[in-house]
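Colleague: Next up, input-v5.cif (mmCIF, C-alpha atoms).
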data_work
loop_
_atom_site.group_PDB
_atom_site.id
_atom_site.type_symbol
_atom_site.label_atom_id
_atom_site.label_comp_id
_atom_site.auth_asym_id
_atom_site.auth_seq_id
_atom_site.Cartn_x
_atom_site.Cartn_y
_atom_site.Cartn_z
ATOM 1 C CA MET A 1 0.000 0.000 0.000
ATOM 2 C CA GLY A 2 1.713 3.164 -1.206
ATOM 3 C CA LYS A 3 1.930 6.127 1.126
ATOM 4 C CA GLN A 4 0.525 8.362 -1.601
ATOM 5 C CA LYS A 5 -2.841 6.617 -1.123
ATOM 6 C CA TYR A 6 -3.138 7.822 2.443
ATOM 7 C CA HIS A 7 -3.864 11.123 4.121
ATOM 8 C CA GLU A 8 -3.871 12.261 7.722
ATOM 9 C CA LEU A 9 -6.963 12.139 9.890
ATOM 10 C CA PHE A 10 -6.935 13.953 13.226
ATOM 11 C CA SER A 11 -4.720 12.219 15.775
ATOM 12 C CA GLY A 12 -2.091 10.999 13.332
ATOM 13 C CA ILE A 13 -4.505 8.373 11.997
ATOM 14 C CA ILE A 14 -3.988 7.551 8.340
ATOM 15 C CA CYS A 15 -6.968 7.346 5.971
ATOM 16 C CA ASN A 16 -7.622 5.978 2.520
ATOM 17 C CA LYS A 17 -9.962 7.889 0.200
ATOM 18 C CA ASP A 18 -13.146 6.125 1.341
ATOM 19 C CA GLN A 19 -12.284 6.776 4.982
ATOM 20 C CA GLU A 20 -11.573 10.428 4.145
ATOM 21 C CA ASN A 21 -15.016 10.721 2.550
ATOM 22 C CA PHE A 22 -16.589 9.246 5.686
ATOM 23 C CA ARG A 23 -14.622 11.617 7.927
ATOM 24 C CA ASP A 24 -15.497 14.669 5.833
ATOM 25 C CA ALA A 25 -19.181 13.705 5.707
ATOM 26 C CA ILE A 26 -19.301 13.514 9.512
ATOM 27 C CA MET A 27 -17.618 16.893 9.918
ATOM 28 C CA ASP A 28 -19.862 18.610 7.334
ATOM 29 C CA ASP A 29 -22.456 20.780 9.107
ATOM 30 C CA ASN A 30 -24.902 20.203 6.239
ATOM 31 C CA ASN A 31 -25.266 16.548 7.201
ATOM 32 C CA ILE A 32 -27.537 15.312 9.972
ATOM 33 C CA VAL A 33 -27.330 11.573 9.296
ATOM 34 C CA ILE A 34 -24.174 9.887 8.019
ATOM 35 C CA LEU A 35 -24.467 6.183 7.300
ATOM 36 C CA ALA A 36 -21.486 3.957 6.567
ATOM 37 C CA ASP A 37 -21.999 0.566 4.960
ATOM 38 C CA ALA A 38 -18.650 -0.801 6.037
ATOM 39 C CA VAL A 39 -16.939 -4.160 6.159
ATOM 40 C CA SER A 40 -15.542 -5.492 9.409
ATOM 41 C CA GLY A 41 -12.083 -4.096 10.103
ATOM 42 C CA SER A 42 -12.544 -0.990 7.938
ATOM 43 C CA GLY A 43 -11.927 1.477 10.785
ATOM 44 C CA LYS A 44 -15.542 2.674 10.914
ATOM 45 C CA THR A 45 -15.794 2.858 14.713
ATOM 46 C CA LEU A 46 -12.363 4.476 15.034
ATOM 47 C CA ILE A 47 -13.223 7.229 12.543
ATOM 48 C CA ALA A 48 -16.661 7.832 14.061
ATOM 49 C CA VAL A 49 -15.254 8.139 17.589
ATOM 50 C CA THR A 50 -12.369 10.366 16.461
ATOM 51 C CA CYS A 51 -14.754 12.720 14.681
ATOM 52 C CA ALA A 52 -17.106 12.740 17.659
ATOM 53 C CA LYS A 53 -14.242 13.775 19.926
ATOM 54 C CA GLN A 54 -13.454 16.684 17.602
ATOM 55 C CA LEU A 55 -17.084 17.790 17.318
ATOM 56 C CA VAL A 56 -17.409 17.862 21.104
ATOM 57 C CA ALA A 57 -14.015 19.521 21.634
ATOM 58 C CA ASN A 58 -14.863 22.228 19.081
ATOM 59 C CA GLY A 59 -18.235 22.940 20.682
ATOM 60 C CA HIS A 60 -20.347 21.724 17.760
ATOM 61 C CA CYS A 61 -22.029 19.199 20.082
ATOM 62 C CA HIS A 62 -21.997 19.069 23.867
ATOM 63 C CA SER A 63 -21.445 15.301 24.184
ATOM 64 C CA CYS A 64 -21.502 11.981 22.373
ATOM 65 C CA ILE A 65 -23.691 8.955 22.965
ATOM 66 C CA TYR A 66 -22.566 5.584 21.633
ATOM 67 C CA ILE A 67 -25.393 3.083 21.189
ATOM 68 C CA ILE A 68 -25.002 -0.626 20.574
ATOM 69 C CA PRO A 69 -27.474 -3.489 20.075
ATOM 70 C CA THR A 70 -27.657 -5.961 22.929
ATOM 71 C CA THR A 71 -30.002 -8.644 24.109
ATOM 72 C CA SER A 72 -33.580 -7.743 24.870
ATOM 73 C CA GLU A 73 -34.307 -5.293 27.662
ATOM 74 C CA GLN A 74 -35.836 -8.079 29.751
ATOM 75 C CA GLU A 75 -32.799 -10.372 29.392
ATOM 76 C CA LEU A 76 -30.301 -7.565 29.940
ATOM 77 C CA GLY A 77 -32.173 -6.417 33.027
ATOM 78 C CA PHE A 78 -31.431 -9.685 34.787
ATOM 79 C CA ARG A 79 -27.684 -9.229 34.419
ATOM 80 C CA PRO A 80 -25.991 -8.130 37.679
ATOM 81 C CA GLY A 81 -24.648 -4.637 38.278
ATOM 82 C CA SER A 82 -25.432 -1.102 37.146
ATOM 83 C CA THR A 83 -26.560 -0.190 33.644
ATOM 84 C CA SER A 84 -22.963 0.543 32.602
ATOM 85 C CA GLU A 85 -21.827 -2.802 34.016
ATOM 86 C CA LYS A 86 -24.617 -4.643 32.189
ATOM 87 C CA VAL A 87 -23.478 -3.320 28.788
ATOM 88 C CA SER A 88 -19.698 -3.313 29.402
ATOM 89 C CA ASP A 89 -19.136 -6.581 27.531
ATOM 90 C CA TYR A 90 -20.468 -4.953 24.359
ATOM 91 C CA LEU A 91 -18.123 -1.942 24.488
ATOM 92 C CA VAL A 92 -14.821 -3.552 23.471
ATOM 93 C CA PRO A 93 -14.770 -1.886 19.984
ATOM 94 C CA LEU A 94 -15.451 1.509 21.559
ATOM 95 C CA ARG A 95 -12.760 1.090 24.199
ATOM 96 C CA GLN A 96 -10.228 -0.031 21.582
ATOM 97 C CA ALA A 97 -11.045 2.984 19.399
ATOM 98 C CA LEU A 98 -10.632 5.370 22.338
ATOM 99 C CA MET A 99 -7.257 3.902 23.262
ATOM 100 C CA LYS A 100 -6.050 4.268 19.662
ATOM 101 C CA ILE A 101 -6.678 8.016 19.830
ATOM 102 C CA GLY A 102 -4.960 8.370 23.204
ATOM 103 C CA GLU A 103 -8.046 8.461 25.413
ATOM 104 C CA GLU A 104 -8.458 6.480 28.637
ATOM 105 C CA PRO A 105 -11.875 4.789 28.327
ATOM 106 C CA ASP A 106 -12.542 4.757 32.068
ATOM 107 C CA ARG A 107 -11.762 8.474 32.201
ATOM 108 C CA VAL A 108 -13.924 9.693 29.317
ATOM 109 C CA ILE A 109 -16.931 7.327 29.361
ATOM 110 C CA ALA A 110 -19.655 8.603 31.674
ATOM 111 C CA ASN A 111 -21.887 6.119 33.460
ATOM 112 C CA SER A 112 -24.887 8.431 33.201
ATOM 113 C CA LEU A 113 -26.081 11.735 31.773
ATOM 114 C CA GLU A 114 -25.715 13.270 35.229
ATOM 115 C CA GLU A 115 -22.061 12.241 35.390
ATOM 116 C CA ASN A 116 -21.521 13.626 31.889
ATOM 117 C CA LEU A 117 -22.972 16.989 32.904
ATOM 118 C CA LYS A 118 -20.887 17.193 36.084
ATOM 119 C CA ASP A 119 -17.534 16.253 34.535
ATOM 120 C CA SER A 120 -16.580 17.824 31.185
ATOM 121 C CA ASN A 121 -13.810 15.250 30.727
ATOM 122 C CA ARG A 122 -16.441 12.524 30.489
ATOM 123 C CA TRP A 123 -17.625 13.550 27.033
ATOM 124 C CA LEU A 124 -19.001 10.175 25.960
ATOM 125 C CA ILE A 125 -21.948 8.137 27.202
ATOM 126 C CA ALA A 126 -22.219 4.474 26.154
ATOM 127 C CA ASN A 127 -25.536 2.690 26.367
ATOM 128 C CA SER A 128 -27.651 -0.122 25.011
ATOM 129 C CA GLN A 129 -30.749 0.550 22.948
ATOM 130 C CA ALA A 130 -32.588 -1.401 25.667
ATOM 131 C CA PHE A 131 -32.289 1.538 28.100
ATOM 132 C CA LEU A 132 -33.370 4.464 25.896
ATOM 133 C CA ARG A 133 -37.056 4.785 26.702
ATOM 134 C CA GLY A 134 -37.907 8.395 27.547
ATOM 135 C CA VAL A 135 -34.491 9.731 26.451
ATOM 136 C CA ASN A 136 -34.138 12.631 24.016
ATOM 137 C CA PHE A 137 -30.981 13.532 22.083
ATOM 138 C CA GLU A 138 -30.323 17.213 21.447
ATOM 139 C CA ASN A 139 -27.054 18.792 20.261
ATOM 140 C CA GLN A 140 -25.259 15.448 20.589
ATOM 141 C CA VAL A 141 -23.180 13.198 18.403
ATOM 142 C CA VAL A 142 -25.161 9.963 18.248
ATOM 143 C CA ILE A 143 -23.110 6.951 17.133
ATOM 144 C CA ILE A 144 -25.187 3.869 16.340
ATOM 145 C CA ASP A 145 -22.762 0.957 15.960
ATOM 146 C CA GLU A 146 -23.502 -2.488 14.490
ATOM 147 C CA ALA A 147 -26.664 -1.014 12.988
ATOM 148 C CA GLN A 148 -27.357 -4.186 11.006
ATOM 149 C CA ASN A 149 -28.280 -5.896 14.283
ATOM 150 C CA PHE A 150 -31.091 -3.498 15.150
ATOM 151 C CA THR A 151 -34.672 -4.233 14.205
ATOM 152 C CA VAL A 152 -36.819 -1.595 12.513
ATOM 153 C CA GLN A 153 -38.627 -0.867 15.772
ATOM 154 C CA GLN A 154 -35.342 -0.493 17.671
ATOM 155 C CA ILE A 155 -33.804 1.913 15.152
ATOM 156 C CA LYS A 156 -37.044 3.907 15.107
ATOM 157 C CA LYS A 157 -36.893 4.149 18.904
ATOM 158 C CA ILE A 158 -33.441 5.727 18.614
ATOM 159 C CA LEU A 159 -33.832 7.992 15.588
ATOM 160 C CA THR A 160 -37.195 9.441 16.610
ATOM 161 C CA ARG A 161 -35.459 10.754 19.741
ATOM 162 C CA CYS A 162 -32.885 12.770 17.772
ATOM 163 C CA TYR A 163 -33.296 16.506 17.248
ATOM 164 C CA ASP A 164 -31.987 18.033 14.025
ATOM 165 C CA SER A 165 -29.209 19.605 16.115
ATOM 166 C CA CYS A 166 -27.610 16.147 16.408
ATOM 167 C CA ARG A 167 -24.954 14.586 14.208
ATOM 168 C CA VAL A 168 -26.149 10.990 13.788
ATOM 169 C CA ILE A 169 -23.513 8.469 12.663
ATOM 170 C CA ILE A 170 -24.876 5.062 11.706
ATOM 171 C CA ILE A 171 -22.333 2.319 11.050
ATOM 172 C CA GLY A 172 -22.948 -1.261 10.059
ATOM 173 C CA SER A 173 -22.467 -4.023 7.519
ATOM 174 C CA GLY A 174 -25.107 -5.955 5.651
ATOM 175 C CA ASP A 175 -22.718 -8.927 5.563
ATOM 176 C CA GLN A 176 -22.455 -9.159 9.359
ATOM 177 C CA VAL A 177 -26.105 -9.582 10.418
ATOM 178 C CA ASP A 178 -26.347 -11.563 13.668
ATOM 179 C CA ILE A 179 -30.139 -11.454 13.979
ATOM 180 C CA ASP A 180 -32.836 -12.827 11.680
ATOM 181 C CA PRO A 181 -31.983 -11.073 8.367
ATOM 182 C CA ASN A 182 -35.682 -10.475 7.770
ATOM 183 C CA LYS A 183 -35.801 -8.408 10.962
ATOM 184 C CA SER A 184 -32.649 -6.340 10.327
ATOM 185 C CA CYS A 185 -33.331 -2.653 9.755
ATOM 186 C CA PHE A 186 -30.181 -1.970 7.741
ATOM 187 C CA ALA A 187 -31.266 -2.399 4.113
ATOM 188 C CA ARG A 188 -34.703 -0.896 4.806
ATOM 189 C CA LEU A 189 -33.170 2.075 6.580
ATOM 190 C CA MET A 190 -30.803 2.819 3.696
ATOM 191 C CA ASN A 191 -33.678 2.686 1.217
ATOM 192 C CA HIS A 192 -35.912 4.834 3.428
ATOM 193 C CA MET A 193 -33.282 7.535 3.946
ATOM 194 C CA GLU A 194 -32.575 8.061 0.230
ATOM 195 C CA GLY A 195 -33.645 11.561 -0.745
ATOM 196 C CA PHE A 196 -33.770 12.871 2.822
ATOM 197 C CA GLU A 197 -32.112 16.287 3.008
ATOM 198 C CA GLY A 198 -29.152 16.059 5.361
ATOM 199 C CA TYR A 199 -28.463 12.359 4.723
ATOM 200 C CA ILE A 200 -25.351 10.927 3.110
ATOM 201 C CA LYS A 201 -24.252 7.332 2.632
ATOM 202 C CA CYS A 202 -20.597 6.298 2.633
ATOM 203 C CA GLU A 203 -18.958 2.961 1.889
ATOM 204 C CA LEU A 204 -15.855 1.485 3.495
ATOM 205 C CA PRO A 205 -15.065 -1.660 1.480
ATOM 206 C CA ILE A 206 -11.512 -2.394 2.677
ATOM 207 C CA SER A 207 -10.680 -4.420 5.785
ATOM 208 C CA TYR A 208 -7.299 -3.658 7.325
ATOM 209 C CA ARG A 209 -7.247 -6.927 9.220
ATOM 210 C CA GLY A 210 -5.794 -8.539 6.098
ATOM 211 C CA LYS A 211 -6.662 -10.712 3.110
ATOM 212 C CA LEU A 212 -8.147 -13.525 5.237
ATOM 213 C CA ALA A 213 -10.729 -11.213 6.828
ATOM 214 C CA MET A 214 -11.577 -9.714 3.431
ATOM 215 C CA HIS A 215 -11.965 -13.141 1.864
ATOM 216 C CA ILE A 216 -14.134 -14.598 4.644
ATOM 217 C CA ASP A 217 -16.337 -11.475 4.742
ATOM 218 C CA LYS A 218 -17.524 -12.434 1.248
ATOM 219 C CA LEU A 219 -18.527 -15.979 2.381
#
Can you present the structure in this file as structure tokens?
Modeller:
Amino acid sequence: MGKQKYHELFSGIICNKDQENFRDAIMDDNNIVILADAVSGSGKTLIAVTCAKQLVANGHCHSCIYIIPTTSEQELGFRPGSTSEKVSDYLVPLRQALMKIGEEPDRVIANSLEENLKDSNRWLIANSQAFLRGVNFENQVVIIDEAQNFTVQQIKKILTRCYDSCRVIIIGSGDQVDIDPNKSCFARLMNHMEGFEGYIKCELPISYRGKLAMHIDKL
């Protein structure tokens, strides 16, 4: 891979052209919803989190919420511990992305909105879609990861809570659906969003885990 193919992202992270397009789409104030149809290992979570950090640091948004699909609310509720402890097993990609940009996950991830408001260093809230009833998102970066594993009703529950002042980043892969494919929202969401003013779709087709990951992803 020649160096001429790459350009700098924020924290010394190197991007290819598709990743640059994704980064620029997120940072463009004309966009409300940025969706990335991205293969596993394409750097989608890393770019989304890096951009979110910049948007919060520059005052464009006051905080970031990272939302992941988990088991049902009923099943998750029986797990021991606080809400943050219940969802911690699902946050490995987020924690890895934060460490790659020099952030300490335990220092920047807030356990609640109240903690986020009290401590400006805790600029990111991580939660499961199972715990979002009654929550509204205003002037926030909303990262929806593994979007292919949300149902239509679950993605509606999230997106109908977002004000237009948000920057909504939806990342997923149609080739990595872990639920009943007939229930996945991903293809339907992409079709539904076409033509919506403030929406842009990006594609990240290259996995940087290597040729094995790229080959198996096409299985």
Colleague: Go through the shown structure with the PyMOL selection byres ((chain A and resi 140) around 8) and write out the matching residues as a list of chain:residue names.
Modeller: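 Taken on the displayed file, the PyMOL selection byres ((chain A and resi 140) around 8) yields the residues A:Cys61, A:His62, A:Ser63, A:Cys64, A:Ile65, A:Phe137, A:Glu138, A:Asn139, A:Val141, A:Val142, A:Ser165, A:Cys166, A:Arg167.
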Colleague: Run through the PyMOL selection byres ((chain A and resi 102) around 12) on the given coordinates and return the selected residues as a list of chain:residue names.
Modeller: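 Checking the PyMOL selection byres ((chain A and resi 102) around 12) against this file, the residues are A:Phe10, A:Ser11, A:Gly12, A:Ile13, A:Leu46, A:Val49, A:Thr50, A:Lys53, A:Arg95, A:Gln96, A:Ala97, A:Leu98, A:Met99, A:Lys100, A:Ile101, A:Glu103, A:Glu104, A:Pro105, A:Arg107, A:Val108.
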Colleague: Could you please determine the separation between CA of Ile47 (chain A) and CA of Pro181 (chain A) in Å, to one decimal place?
Modeller: 26.5 Å
Colleague: A:Ser120, A:Ser128, A:Gln19, A:Thr70: which is nearest Ile179 (chain A), counting all atoms listed in the file?
Modeller: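 Ranking A:Ser120, A:Ser128, A:Gln19, A:Thr70 by distance to Ile179 (chain A), first place goes to A:Thr70.
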Colleague: For the atom pair CA of Ile26 (chain A) and CA of Thr160 (chain A), what is the interatomic distance in Å to one decimal place?
Modeller: 19.7 Å
Colleague: Got a sec: who's within 12 Å of Ile68 (chain A), counting only C-alpha atoms, leaving out chain neighbours fewer than 5 positions off, as a count of residues only?
Modeller: 32
Colleague: Compute the distance from (-30.6, 1.1, 5.2) to each atom, counting only C-alpha atoms, keep the residues with any atom at most 9 Å away, and return them as a ChimeraX atom specification; use the coordinates of the file.
Modeller: /A:35,37,147-148,174,185-194
Colleague: Compare A:Ala48, A:Ile206, A:Ala25, A:Val135 by their minimum atom-to-atom distance to Leu159 (chain A), counting only C-alpha atoms, and give me the closest one.
Modeller: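 When distances to Leu159 (chain A) are compared using only C-alpha atoms, the smallest one comes from A:Val135.
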Colleague: My list of candidates is A:Val168, A:Ile67, A:Ile14, A:Cys51. Which is closest to Lys201 (chain A) when distances are computed with all atoms listed in the file?
Modeller: A:Val168
Colleague: Between CA of Lys183 (chain A) and CA of Ile34 (chain A), what is the spacing in Å?
Modeller: 21.9 Å
Colleague: Looking at only C-alpha atoms, which of A:Cys162, A:Asn111, A:Pro205, A:Ser42 is the one that sits closest to Lys218 (chain A)?
Modeller: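 Of all the options, A:Pro205 lies closest to Lys218 (chain A).
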Colleague: Using all atoms listed in the file, which of A:Ser173, A:Leu204, A:Asp178, A:Lys157 sits nearest Lys17 (chain A)?
Modeller: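 Ranked by minimum distance to Lys17 (chain A), first place goes to A:Leu204.
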Colleague: So which one's closest to Phe22 (chain A), A:Val39, A:Gln54, A:Ile216, A:Lys44? Using all atoms listed in the file, please.
Modeller: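 Using all atoms listed in the file, Phe22 (chain A) sits closest to A:Lys44.
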